[in-house]
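Raw contents of model_1.cif, mmCIF, C-alpha atoms:
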```cif
data_query
#
loop_
_atom_site.label_atom_id
_atom_site.label_comp_id
_atom_site.auth_asym_id
_atom_site.auth_seq_id
_atom_site.Cartn_x
_atom_site.Cartn_y
_atom_site.Cartn_z
CA MET A 1 -26.30 140.17 30.17
CA LYS A 2 -29.45 138.17 30.81
CA ILE A 3 -29.90 134.66 32.23
CA GLY A 4 -33.03 132.56 31.89
CA PHE A 5 -33.63 130.00 34.64
CA ILE A 6 -35.97 127.29 33.32
CA ALA A 7 -37.57 124.79 35.67
CA MET A 8 -38.88 121.41 34.57
CA SER A 9 -42.09 121.39 36.63
CA GLY A 10 -45.54 119.85 36.36
CA VAL A 11 -44.81 116.14 35.93
CA ARG A 12 -47.68 113.80 35.12
CA ALA A 13 -47.70 110.03 35.36
CA TYR A 14 -46.70 108.46 32.06
CA ASN A 15 -49.56 105.98 32.38
CA GLU A 16 -52.64 108.18 31.99
CA GLU A 17 -54.94 105.58 33.54
CA LEU A 18 -53.10 105.91 36.82
CA MET A 19 -53.77 109.64 36.96
CA LYS A 20 -57.51 109.07 37.12
CA TYR A 21 -57.33 107.76 40.66
CA GLY A 22 -55.52 110.44 42.59
CA LEU A 23 -51.86 109.53 42.33
CA THR A 24 -50.39 112.90 43.23
CA LEU A 25 -48.48 114.64 45.95
CA PRO A 26 -49.93 114.94 49.46
CA GLY A 27 -53.36 116.47 49.81
CA PHE A 28 -52.25 120.05 49.28
CA VAL A 29 -52.55 119.56 45.51
CA GLU A 30 -55.82 118.62 43.86
CA ARG A 31 -55.66 114.98 42.88
CA SER A 32 -55.16 113.97 39.22
CA LYS A 33 -53.66 117.29 38.13
CA VAL A 34 -49.89 117.22 38.47
CA ILE A 35 -47.27 115.48 40.55
CA ALA A 36 -45.19 118.60 41.03
CA SER A 37 -46.52 122.11 41.38
CA MET A 38 -43.79 123.88 43.30
CA PRO A 39 -41.18 126.27 41.97
CA SER A 40 -37.59 125.12 41.59
CA LEU A 41 -35.84 126.05 44.82
CA SER A 42 -32.48 125.19 43.30
CA LEU A 43 -32.87 127.64 40.42
CA LEU A 44 -34.20 130.40 42.69
CA THR A 45 -31.12 129.86 44.85
CA LEU A 46 -28.77 130.07 41.86
CA ALA A 47 -30.55 133.25 40.80
CA ALA A 48 -29.71 134.67 44.22
CA LEU A 49 -26.06 133.73 43.72
CA THR A 50 -25.97 135.58 40.39
CA PRO A 51 -24.23 138.99 40.43
CA GLN A 52 -26.66 141.90 40.65
CA ASP A 53 -25.52 143.46 37.38
CA ILE A 54 -26.95 140.44 35.51
CA GLU A 55 -30.65 140.41 34.61
CA VAL A 56 -32.38 137.18 35.57
CA GLU A 57 -35.74 135.64 34.66
CA TYR A 58 -37.45 132.53 36.05
CA LYS A 59 -39.68 130.43 33.81
CA GLU A 60 -41.41 127.07 34.18
CA ILE A 61 -41.70 124.65 31.30
CA ASN A 62 -45.51 124.65 31.46
CA ASP A 63 -45.50 128.41 30.89
CA LEU A 64 -43.12 128.14 27.98
CA ALA A 65 -45.19 125.39 26.39
CA SER A 66 -48.10 127.82 26.10
CA GLU A 67 -45.99 130.43 24.32
CA ARG A 68 -45.75 130.35 20.54
CA ASP A 69 -42.01 131.00 20.62
CA LEU A 70 -39.63 130.37 23.50
CA PRO A 71 -38.03 133.60 24.73
CA ASN A 72 -34.59 133.84 23.16
CA ASP A 73 -33.27 137.14 24.49
CA TYR A 74 -31.05 135.27 26.91
CA ASP A 75 -27.27 135.13 26.84
CA LEU A 76 -27.27 132.08 29.07
CA VAL A 77 -29.96 129.54 29.99
CA ALA A 78 -29.79 127.36 33.12
CA ILE A 79 -32.06 124.30 33.11
CA SER A 80 -32.82 122.15 36.14
CA SER A 81 -33.37 118.47 35.58
CA PHE A 82 -34.95 115.40 37.04
CA SER A 83 -35.37 112.12 35.28
CA ALA A 84 -39.09 112.15 34.48
CA GLN A 85 -38.77 115.41 32.54
CA ILE A 86 -35.25 115.01 31.18
CA TYR A 87 -36.26 114.44 27.57
CA LYS A 88 -38.35 117.61 27.64
CA ALA A 89 -35.39 119.39 29.19
CA TYR A 90 -33.17 118.17 26.37
CA GLU A 91 -35.67 119.46 23.81
CA VAL A 92 -35.58 122.91 25.41
CA ALA A 93 -31.79 122.80 25.62
CA ASP A 94 -31.51 121.81 21.94
CA TYR A 95 -33.80 124.67 20.93
CA TYR A 96 -31.65 127.26 22.71
CA ARG A 97 -28.40 125.74 21.55
CA LYS A 98 -29.58 125.95 17.91
CA SER A 99 -30.61 129.56 18.57
CA GLY A 100 -27.06 130.39 19.63
CA VAL A 101 -27.82 130.63 23.35
CA THR A 102 -25.40 128.99 25.77
CA VAL A 103 -27.08 126.29 27.88
CA VAL A 104 -25.98 124.98 31.29
CA MET A 105 -27.75 121.97 32.82
CA GLY A 106 -27.68 120.66 36.38
CA GLY A 107 -29.66 118.57 38.84
CA LEU A 108 -29.88 114.96 39.92
CA HIS A 109 -30.24 113.35 36.52
CA VAL A 110 -27.40 115.10 34.73
CA SER A 111 -25.19 114.65 37.79
CA VAL A 112 -25.59 110.91 37.29
CA PHE A 113 -25.35 111.03 33.48
CA PRO A 114 -23.22 114.07 32.59
CA GLU A 115 -22.03 112.55 29.29
CA GLU A 116 -25.65 112.07 28.18
CA ALA A 117 -26.47 115.67 29.06
CA LYS A 118 -23.39 117.07 27.31
CA GLN A 119 -24.94 116.10 23.98
CA HIS A 120 -27.58 118.78 24.53
CA CYS A 121 -25.80 121.67 26.24
CA ALA A 122 -22.57 123.61 26.48
CA SER A 123 -21.88 122.81 30.12
CA VAL A 124 -22.99 120.43 32.86
CA VAL A 125 -22.89 121.07 36.60
CA VAL A 126 -22.38 117.91 38.64
CA GLY A 127 -23.31 117.91 42.30
CA GLU A 128 -24.33 120.88 44.41
CA GLY A 129 -25.04 123.79 42.12
CA GLU A 130 -24.14 126.44 44.70
CA ILE A 131 -20.50 125.37 44.59
CA ALA A 132 -20.12 125.63 40.82
CA TRP A 133 -22.41 128.52 39.88
CA PRO A 134 -20.07 131.45 40.71
CA ARG A 135 -17.35 129.74 38.64
CA VAL A 136 -19.81 129.14 35.79
CA ILE A 137 -20.71 132.85 35.66
CA GLU A 138 -17.09 133.97 35.83
CA ASP A 139 -15.94 131.54 33.14
CA PHE A 140 -18.85 132.42 30.86
CA ARG A 141 -18.04 136.14 31.08
CA ARG A 142 -14.43 135.40 30.13
CA GLY A 143 -15.49 133.16 27.27
CA GLN A 144 -13.88 130.16 28.96
CA LEU A 145 -16.89 128.08 29.97
CA LYS A 146 -15.91 124.50 30.79
CA ASP A 147 -17.94 121.59 29.46
CA CYS A 148 -18.35 120.13 32.95
CA TYR A 149 -18.03 121.39 36.51
CA TYR A 150 -17.25 118.75 39.11
CA PRO A 151 -16.87 119.36 42.84
CA CYS A 152 -13.42 118.83 44.26
CA PRO A 153 -12.94 115.63 46.31
CA GLY A 154 -14.58 116.15 49.70
CA GLU A 155 -15.96 119.56 48.71
CA SER A 156 -19.35 120.33 50.24
CA PHE A 157 -21.47 123.45 50.20
CA ASP A 158 -21.69 125.22 53.55
CA MET A 159 -25.40 125.85 54.09
CA ALA A 160 -24.55 128.84 56.27
CA CYS A 161 -23.55 130.51 52.99
CA ALA A 162 -26.88 129.82 51.27
CA PRO A 163 -28.53 133.04 50.08
CA ILE A 164 -32.23 133.81 50.36
CA PRO A 165 -33.75 132.36 47.15
CA ARG A 166 -35.20 134.90 44.71
CA TYR A 167 -38.84 134.22 45.59
CA GLU A 168 -39.79 137.63 44.19
CA LEU A 169 -39.19 136.28 40.67
CA LEU A 170 -42.35 134.18 41.08
CA ASP A 171 -45.98 135.00 40.54
CA ILE A 172 -46.89 134.01 44.09
CA SER A 173 -50.61 133.80 43.30
CA ARG A 174 -49.95 130.66 41.25
CA TYR A 175 -48.65 128.59 44.16
CA ASN A 176 -50.34 127.11 47.19
CA ARG A 177 -47.02 126.74 49.03
CA LEU A 178 -43.38 127.78 48.81
CA THR A 179 -40.37 125.75 49.81
CA VAL A 180 -37.62 126.45 52.31
CA GLN A 181 -34.71 124.09 52.83
CA THR A 182 -33.62 123.54 56.43
CA SER A 183 -31.36 120.53 55.85
CA ARG A 184 -29.81 118.50 53.08
CA GLY A 185 -29.18 114.78 52.83
CA CYS A 186 -30.32 111.91 55.04
CA PRO A 187 -28.57 109.66 57.58
CA HIS A 188 -30.30 106.59 56.15
CA ARG A 189 -29.29 104.79 52.98
CA CYS A 190 -32.44 103.42 51.34
CA ASP A 191 -31.71 101.60 48.09
CA PHE A 192 -34.51 103.36 46.17
CA CYS A 193 -33.80 106.92 47.31
CA GLY A 194 -33.12 109.33 44.45
CA SER A 195 -33.08 112.54 46.50
CA SER A 196 -30.32 114.94 47.45
CA ILE A 197 -28.29 112.16 49.07
CA LEU A 198 -26.99 111.53 45.54
CA ILE A 199 -25.61 115.07 45.51
CA ALA A 200 -24.85 115.79 49.17
CA GLN A 201 -23.33 112.71 50.75
CA ALA A 202 -23.39 114.01 54.33
CA TYR A 203 -26.40 115.24 56.30
CA LYS A 204 -26.13 118.93 57.08
CA VAL A 205 -28.35 121.70 58.38
CA LYS A 206 -28.87 125.37 57.62
CA PRO A 207 -28.42 127.79 60.55
CA VAL A 208 -31.72 128.58 62.24
CA GLU A 209 -31.30 132.35 61.84
CA ASN A 210 -30.92 131.91 58.07
CA ILE A 211 -34.09 129.83 57.87
CA ILE A 212 -36.06 132.44 59.80
CA LYS A 213 -34.76 135.18 57.49
CA GLU A 214 -36.01 133.22 54.46
CA ILE A 215 -39.43 132.73 56.02
CA ARG A 216 -39.70 136.41 56.90
CA TYR A 217 -38.75 137.32 53.35
CA ILE A 218 -41.52 135.07 52.03
CA LYS A 219 -43.93 136.75 54.46
CA SER A 220 -42.94 140.14 53.05
CA ILE A 221 -44.31 139.09 49.63
CA TRP A 222 -47.03 136.67 50.80
CA GLN A 223 -48.98 137.66 53.88
CA GLN A 224 -50.09 134.21 55.02
CA PRO A 225 -47.81 131.68 53.37
CA PHE A 226 -47.93 127.92 53.58
CA ILE A 227 -44.38 126.61 53.80
CA GLU A 228 -43.04 123.23 52.81
CA PHE A 229 -39.63 122.36 54.18
CA ALA A 230 -37.81 120.94 51.17
CA ASP A 231 -35.85 118.41 53.18
CA ASP A 232 -35.30 114.72 52.60
CA ASN A 233 -35.59 114.10 56.33
CA SER A 234 -36.27 117.00 58.69
CA PHE A 235 -35.35 117.06 62.38
CA VAL A 236 -32.60 114.45 62.36
CA THR A 237 -30.45 116.77 64.50
CA LEU A 238 -32.70 117.31 67.50
CA THR A 239 -30.89 120.32 69.00
CA HIS A 240 -31.15 122.17 65.68
CA ALA A 241 -34.75 121.05 65.18
CA LYS A 242 -35.93 122.20 68.60
CA GLU A 243 -34.31 125.60 68.27
CA LEU A 244 -35.82 126.06 64.81
CA LEU A 245 -39.30 125.11 66.02
CA ARG A 246 -39.06 127.46 68.99
CA GLN A 247 -38.25 130.32 66.62
CA LEU A 248 -40.95 129.28 64.15
CA ALA A 249 -43.59 129.58 66.86
CA TYR A 250 -43.23 133.37 66.65
CA GLU A 251 -43.72 133.52 62.87
CA GLY A 252 -47.42 132.59 62.69
CA ILE A 253 -47.12 130.28 59.68
CA HIS A 254 -48.47 126.86 58.74
CA TRP A 255 -46.08 124.32 57.35
CA PHE A 256 -45.53 120.77 56.07
CA THR A 257 -42.45 118.59 55.95
CA GLU A 258 -41.05 115.09 55.48
CA ALA A 259 -39.48 113.19 58.36
CA ASP A 260 -38.85 109.64 59.45
CA ILE A 261 -41.00 107.78 61.94
CA SER A 262 -38.56 108.38 64.80
CA ILE A 263 -39.97 111.87 65.44
CA ALA A 264 -42.76 110.10 67.39
CA GLU A 265 -40.18 109.05 69.98
CA CYS A 266 -39.61 112.63 71.17
CA PRO A 267 -42.71 114.15 72.83
CA GLU A 268 -40.99 117.51 73.21
CA LEU A 269 -40.31 117.65 69.48
CA LEU A 270 -43.94 116.84 68.67
CA GLU A 271 -45.19 119.54 71.02
CA LEU A 272 -42.87 122.08 69.42
CA MET A 273 -44.01 121.01 65.95
CA GLN A 274 -47.64 121.52 66.92
CA LYS A 275 -47.04 124.92 68.55
CA SER A 276 -45.00 126.19 65.59
CA GLY A 277 -47.73 125.54 63.02
CA CYS A 278 -47.05 122.07 61.61
CA ARG A 279 -50.14 120.84 59.79
CA GLN A 280 -48.87 117.61 58.26
CA VAL A 281 -45.78 115.43 58.08
CA LEU A 282 -45.10 112.93 55.32
CA VAL A 283 -43.50 109.75 56.61
CA GLY A 284 -42.01 107.09 54.36
CA LEU A 285 -43.56 103.94 55.80
CA GLU A 286 -42.83 102.05 52.56
CA SER A 287 -44.73 98.86 53.49
CA PRO A 288 -46.67 97.22 56.34
CA ASN A 289 -45.11 93.94 55.25
CA PRO A 290 -41.89 92.86 57.06
CA GLU A 291 -40.61 91.20 53.90
CA GLY A 292 -41.27 94.38 51.96
CA VAL A 293 -39.15 96.63 54.17
CA ASN A 294 -36.45 94.03 54.84
CA HIS A 295 -33.04 95.44 53.85
CA ILE A 296 -34.35 98.36 51.79
CA GLU A 297 -32.36 100.50 54.24
CA LEU A 298 -28.86 99.30 53.51
CA ARG A 299 -26.87 100.36 56.54
CA ARG A 300 -28.82 99.09 59.57
CA ASN A 301 -32.06 97.65 58.19
CA TRP A 302 -33.58 100.62 60.04
CA LYS A 303 -36.97 100.47 58.33
CA LYS A 304 -37.64 96.90 59.41
CA ASP A 305 -36.52 97.62 62.96
CA LYS A 306 -39.14 100.39 63.23
CA LEU A 307 -42.01 98.52 61.55
CA GLN A 308 -43.61 97.17 64.72
CA ARG A 309 -43.96 100.72 66.09
CA TYR A 310 -45.64 102.21 63.04
CA GLY A 311 -49.17 102.14 64.49
CA TRP A 312 -48.06 103.58 67.82
CA ALA A 313 -46.02 106.30 66.12
CA ILE A 314 -48.91 107.40 63.89
CA GLN A 315 -51.13 107.72 66.97
CA GLU A 316 -48.47 109.72 68.84
CA ILE A 317 -48.06 112.21 66.01
CA GLN A 318 -51.74 112.59 65.14
CA SER A 319 -52.76 113.00 68.79
CA ARG A 320 -51.00 116.40 68.60
CA GLY A 321 -53.26 117.53 65.77
CA ILE A 322 -50.54 116.91 63.18
CA THR A 323 -51.84 114.74 60.36
CA VAL A 324 -49.64 111.98 59.02
CA ASN A 325 -49.35 111.35 55.31
CA GLY A 326 -48.12 107.77 55.14
CA CYS A 327 -46.19 107.00 51.96
CA PHE A 328 -46.11 103.41 50.69
CA ILE A 329 -44.03 101.86 47.92
CA LEU A 330 -45.74 99.09 45.97
CA GLY A 331 -43.80 96.38 44.18
CA LEU A 332 -40.92 95.97 46.61
CA ASP A 333 -39.03 92.71 46.18
CA GLY A 334 -40.66 91.27 49.29
CA ASP A 335 -44.18 92.11 48.10
CA THR A 336 -46.67 89.61 46.77
CA GLU A 337 -50.14 90.45 45.48
CA GLN A 338 -51.27 90.43 49.11
CA VAL A 339 -49.56 93.78 49.65
CA PHE A 340 -52.50 95.76 48.25
CA ASN A 341 -54.87 94.42 50.89
CA GLN A 342 -52.16 94.75 53.51
CA VAL A 343 -51.76 98.46 52.79
CA TYR A 344 -55.51 99.08 52.80
CA GLU A 345 -55.99 97.21 56.07
CA PHE A 346 -53.06 99.04 57.66
CA VAL A 347 -54.51 102.43 56.68
CA GLU A 348 -57.92 101.40 57.99
CA ARG A 349 -56.50 100.05 61.26
CA THR A 350 -54.20 102.98 62.06
CA GLY A 351 -56.48 105.77 60.89
CA LEU A 352 -53.87 107.48 58.73
CA PHE A 353 -55.28 110.87 57.81
CA GLU A 354 -53.63 110.95 54.38
CA VAL A 355 -52.08 108.27 52.18
CA GLN A 356 -49.69 108.41 49.27
CA ILE A 357 -48.95 105.27 47.29
CA THR A 358 -46.11 105.06 44.81
CA VAL A 359 -44.56 102.38 42.62
CA LEU A 360 -41.02 101.19 43.23
CA THR A 361 -38.96 103.35 40.88
CA PRO A 362 -35.34 102.60 39.88
CA PHE A 363 -34.02 106.15 39.70
CA PRO A 364 -30.64 106.44 37.98
CA GLY A 365 -27.74 106.59 40.38
CA THR A 366 -29.48 104.64 43.13
CA PRO A 367 -28.39 101.23 44.45
CA LEU A 368 -31.80 99.95 43.37
CA TYR A 369 -31.22 100.97 39.76
CA GLN A 370 -27.81 99.35 39.66
CA ARG A 371 -29.08 96.13 41.25
CA LEU A 372 -32.10 95.77 38.97
CA ARG A 373 -29.95 96.57 35.95
CA ASN A 374 -27.42 93.91 36.96
CA GLU A 375 -30.28 91.44 37.38
CA GLY A 376 -31.68 92.29 33.93
CA ARG A 377 -34.94 93.52 35.40
CA ILE A 378 -35.05 97.04 33.93
CA ILE A 379 -37.61 97.04 31.11
CA ASP A 380 -36.48 100.22 29.32
CA GLU A 381 -32.95 101.18 30.30
CA PHE A 382 -33.46 104.74 29.05
CA GLY A 383 -37.13 105.09 29.97
CA TRP A 384 -36.50 108.12 32.15
CA GLN A 385 -39.98 109.47 31.40
CA LYS A 386 -41.31 106.64 33.56
CA CYS A 387 -39.43 107.85 36.65
CA THR A 388 -42.59 109.45 37.99
CA LEU A 389 -43.07 107.22 41.06
CA PHE A 390 -46.29 105.98 39.49
CA ASP A 391 -45.12 104.06 36.41
CA VAL A 392 -43.60 100.57 36.29
CA ASN A 393 -40.29 100.19 34.47
CA TYR A 394 -38.95 96.99 35.99
CA ILE A 395 -39.92 93.33 36.35
CA PRO A 396 -41.35 92.71 39.84
CA LYS A 397 -39.88 89.80 41.79
CA ARG A 398 -42.91 88.12 43.37
CA MET A 399 -45.79 89.18 41.14
CA SER A 400 -46.34 89.89 37.47
CA LEU A 401 -46.00 93.35 36.00
CA GLU A 402 -49.67 93.24 35.06
CA ALA A 403 -50.66 92.31 38.63
CA LEU A 404 -48.67 95.25 39.99
CA GLU A 405 -50.21 97.79 37.62
CA LYS A 406 -53.71 96.46 38.21
CA GLY A 407 -53.15 96.33 41.97
CA VAL A 408 -52.02 99.95 42.06
CA ILE A 409 -55.14 101.10 40.23
CA GLU A 410 -57.53 99.01 42.35
CA LEU A 411 -55.88 100.10 45.59
CA SER A 412 -56.10 103.73 44.45
CA LYS A 413 -59.82 103.37 43.93
CA ARG A 414 -60.24 102.01 47.45
CA LEU A 415 -57.91 104.40 49.27
CA TYR A 416 -59.17 107.53 47.54
CA ASP A 417 -62.84 106.62 47.76
CA LYS A 418 -64.59 109.67 49.20
CA SER A 419 -66.36 107.73 51.95
CA PHE A 420 -63.12 106.08 53.11
CA ILE A 421 -61.33 109.43 53.23
CA GLU A 422 -64.17 111.04 55.19
CA GLU A 423 -64.29 108.11 57.61
CA ARG A 424 -60.59 108.52 58.44
CA GLN A 425 -60.95 112.28 58.80
CA ARG A 426 -63.87 111.91 61.21
CA ARG A 427 -61.86 109.41 63.21
CA PHE A 428 -58.90 111.76 63.34
CA PHE A 429 -60.92 114.67 64.73
CA LYS A 430 -62.78 112.43 67.17
CA ASN A 431 -59.50 111.07 68.54
CA LEU A 432 -58.06 114.58 68.68
CA ARG A 433 -60.99 115.85 70.75
CA GLN A 434 -60.60 112.89 73.07
CA CYS A 435 -56.87 113.54 73.50
CA LYS A 436 -57.50 117.20 74.29
CA SER A 437 -60.21 116.27 76.79
CA GLU A 438 -57.91 113.81 78.56
CA SER A 439 -55.11 116.39 78.57
CA SER A 440 -57.33 119.03 80.20
CA LEU A 441 -58.32 116.58 82.95
CA ASN A 442 -54.69 115.95 83.72
#
```

Have the structure of the file written as structure tokens, please.
Amino acid sequence: MKIGFIAMSGVRAYNEELMKYGLTLPGFVERSKVIASMPSLSLLTLAALTPQDIEVEYKEINDLASERDLPNDYDLVAISSFSAQIYKAYEVADYYRKSGVTVVMGGLHVSVFPEEAKQHCASVVVGEGEIAWPRVIEDFRRGQLKDCYYPCPGESFDMACAPIPRYELLDISRYNRLTVQTSRGCPHRCDFCGSSILIAQAYKVKPVENIIKEIRYIKSIWQQPFIEFADDNSFVTLTHAKELLRQLAYEGIHWFTEADISIAECPELLELMQKSGCRQVLVGLESPNPEGVNHIELRRNWKKDKLQRYGWAIQEIQSRGITVNGCFILGLDGDTEQVFNQVYEFVERTGLFEVQITVLTPFPGTPLYQRLRNEGRIIDEFGWQKCTLFDVNYIPKRMSLEALEKGVIELSKRLYDKSFIEERQRRFFKNLRQCKSESSLN
């Protein structure tokens, strides 16, 4: 028996003009190439949960596109999904289904729209794939594959049971970083968030010893790896975070993660991050405009409460030699056309080392999508290919659609101007030297 795991990777902005101005992931990927260039951690994890007597193969859609014929020596194909690539995923699924190969689909998009996905595959996995995958394999072997696998009410995957992903299936030379998951979910409830909170409702962490084992396994196949923690919000649980960072300090790696702005409030945490090899942290700032961030976090209006401390927090983090990649969302309901200048001036004032701008995106399954749909503001209800974070598929509230698209492009030109980037980098290193000098005097 042979299973093909096919990842939908390498997303580009639907609007080609936007790609000219550097709208990509943080600065570890060359601008204007792709939005995603990491392997699918979910599929590598499912491969590790597959019985050893089954042959497995990992492929990415970009690789398959270059082949004249898709490999069809599989008995079963598992396809990961996210909205921006879902139509391509359906094409691949249809090809295999017509070839007589059984197809199983999972991921965020099909978890939200399982009935849509069922039209293209034999079975859909809703929710956390680790829960369903052993049952999928067993049922397939018995010829009793179900058309949909739902988690039981209240069922949640215990991250202590997570296996080491099958990193050895990859051609490591093709990647500039590999991902390790240390936690899943997020304590905040932002209306736009289309991450794992849609699959894992509660925030949970992986045991530190398991994380270290994964990192050591990566080191066994890649001598000096760069690690990205594939978390929605790292270090929410401080006791777990501090213990992890203490252990990481012995591993001699460099790493990147995403966290909320509150990490600046714990000097001990920042020191541990620096000593353990953290090079950059991406922080969702969303907007420098109070009206922009107002009530986008639905439980406590947490984002607005923290807004006044943004500048201080950036300084606290960057003074440790950890660069901050500030992520902004353009086109929030509180934004007017002034937001483009507001973002630029904020970046200039605070000296952010790296900046990522995105467009408000109504991902399916999010409160934002449901609200905009109810308000009749979704332009193309099935325009999933525009769920790239850089394409506009809704009617803005306080500016025209044309003004938003133009503003994004013009702001990109200004933010990613070489001289502006170099100016911020010089400022960062100057401030860092000053901080180190003051520290040595004390």

field: the PyMOL selection byres ((chain A and resi 212) around 12) applied to the shown file, residues as a list of chain:residue names
entry: A:Ile164, A:Val180, A:Gln181, A:Thr182, A:Lys206, A:Pro207, A:Val208, A:Glu209, A:Asn210, A:Ile211, A:Lys213, A:Glu214, A:Ile215, A:Arg216, A:Tyr217, A:Ile218, A:Lys219, A:Ile227, A:Glu243, A:Leu244, A:Leu245, A:Arg246, A:Gln247, A:Leu248, A:Ala249, A:Tyr250, A:Glu251, A:Gly252, A:Ile253

query: Any chance you could work out the residue set of the PyMOL selection byres ((chain A and resi 129) around 8) here, as a PyMOL selection string?
result: chain A and resi 42+46+106-107+125-128+130-133

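Between Asn341 (chain A) and the candidates A:Leu411, A:Ile322, A:Tyr310, A:Pro367, the tightest atom-to-atom separation, counting all atoms listed in the file, involves A:Leu411.
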
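Residue neighbourhood of Phe428 (chain A), excluding near-sequence residues (fewer than 4 positions): Gln318, Gly351, Phe353, Arg424 and Leu432 of chain A, at 8 Å, using all atoms listed in the file.
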
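Atom to atom, CA of Leu43 (chain A) and CA of Lys59 (chain A) stand 9.9 Å apart.
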
- request: Could you check how far CA of Val283 (chain A) sits from CA of Arg320 (chain A), in Å to one decimal?
  value: 15.6 Å

Selection near Phe235 (chain A), 10 Å with only C-alpha atoms, sequence-local residues under 2 positions removed, as an MDAnalysis selection string: chainID A and resid 182:183 205 231 233 237:242 244:245 257:260 262:263 269

field: Evaluate the PyMOL selection byres ((chain A and resi 293) around 10) and report residues as a VMD selection string
entry: chain A and resid 190 285 to 292 294 to 297 301 to 307 329 332 to 335

query: When you draw a straight line from CA of Leu76 (chain A) to CA of Val112 (chain A), how long is it in Å?
result: 22.8 Å

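The closest residue to Thr358 (chain A), picked from A:Glu115, A:Asp391, A:Asp75, A:Glu337 and counting all atoms listed in the file, is A:Asp391.
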
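Residues surrounding Gly376 (chain A) within 9 Å are A:Arg371, A:Leu372, A:Arg373, A:Ile379, A:Tyr394, A:Ile395 [all atoms listed in the file; sequence separation below 3 positions excluded].
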
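With distances restricted to all atoms listed in the file, A:Val110 is the closest residue to Ile199 (chain A) from A:Val110, A:Ile409, A:Ala117, A:Leu404.
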
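Close contacts of Asp63 (chain A), defined as residues with an atom at most 10 Å away when counting only C-alpha atoms, with chain neighbours fewer than 4 positions off set aside, comprise Ile6, Ala7, Ser9, Lys59, Glu67 and Leu70 of chain A.
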
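Each of A:Arg174, A:His120, A:Arg349, A:His254 was compared to Glu60 (chain A) using all atoms listed in the file, and A:Arg174 turns out to be the nearest.
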
- prompt: Which residues come within 6 Å of Met105 (chain A), counting only C-alpha atoms, excluding same-chain residues fewer than 2 positions away, as a list in words?
  reply: Ala78, Ile79 and Val124 of chain A

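When only C-alpha atoms are used to measure the gap to Pro151 (chain A), the shortest distance among A:Leu415, A:Leu270, A:Ser111, A:Gln385 belongs to A:Ser111.
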
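Shortest atom-to-atom contact with Thr45 (chain A) among A:Lys118, A:Lys275, A:Lys146, A:Arg166: A:Arg166, counting only C-alpha atoms.
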
task: Starting from the point (-31.4, 105.7, 51.3), work out which residues of protein, DNA or RNA have an atom no more than 12 Å away when counting all atoms listed in the file; state them as a PyMOL selection string.
output: chain A and resi 185-198+201-203+232-233+260+284+295-303+363+365-368

Saved selection, atoms kept: C-alpha atoms, as a compact mmCIF listing (two decimals), in the coordinates of the input:
```txt
# COMPACT_ATOMS: atom_id res chain seq x y z
CA GLY A 185 -29.18 114.78 52.83
CA CYS A 186 -30.32 111.91 55.04
CA PRO A 187 -28.57 109.66 57.58
CA HIS A 188 -30.30 106.59 56.15
CA ARG A 189 -29.29 104.79 52.98
CA CYS A 190 -32.44 103.42 51.34
CA ASP A 191 -31.71 101.60 48.09
CA PHE A 192 -34.51 103.36 46.17
CA CYS A 193 -33.80 106.92 47.31
CA GLY A 194 -33.12 109.33 44.45
CA SER A 195 -33.08 112.54 46.50
CA SER A 196 -30.32 114.94 47.45
CA ILE A 197 -28.29 112.16 49.07
CA LEU A 198 -26.99 111.53 45.54
CA GLN A 201 -23.33 112.71 50.75
CA ALA A 202 -23.39 114.01 54.33
CA TYR A 203 -26.40 115.24 56.30
CA ASP A 232 -35.30 114.72 52.60
CA ASN A 233 -35.59 114.10 56.33
CA ASP A 260 -38.85 109.64 59.45
CA GLY A 284 -42.01 107.09 54.36
CA HIS A 295 -33.04 95.44 53.85
CA ILE A 296 -34.35 98.36 51.79
CA GLU A 297 -32.36 100.50 54.24
CA LEU A 298 -28.86 99.30 53.51
CA ARG A 299 -26.87 100.36 56.54
CA ARG A 300 -28.82 99.09 59.57
CA ASN A 301 -32.06 97.65 58.19
CA TRP A 302 -33.58 100.62 60.04
CA LYS A 303 -36.97 100.47 58.33
CA PHE A 363 -34.02 106.15 39.70
CA GLY A 365 -27.74 106.59 40.38
CA THR A 366 -29.48 104.64 43.13
CA PRO A 367 -28.39 101.23 44.45
CA LEU A 368 -31.80 99.95 43.37
```
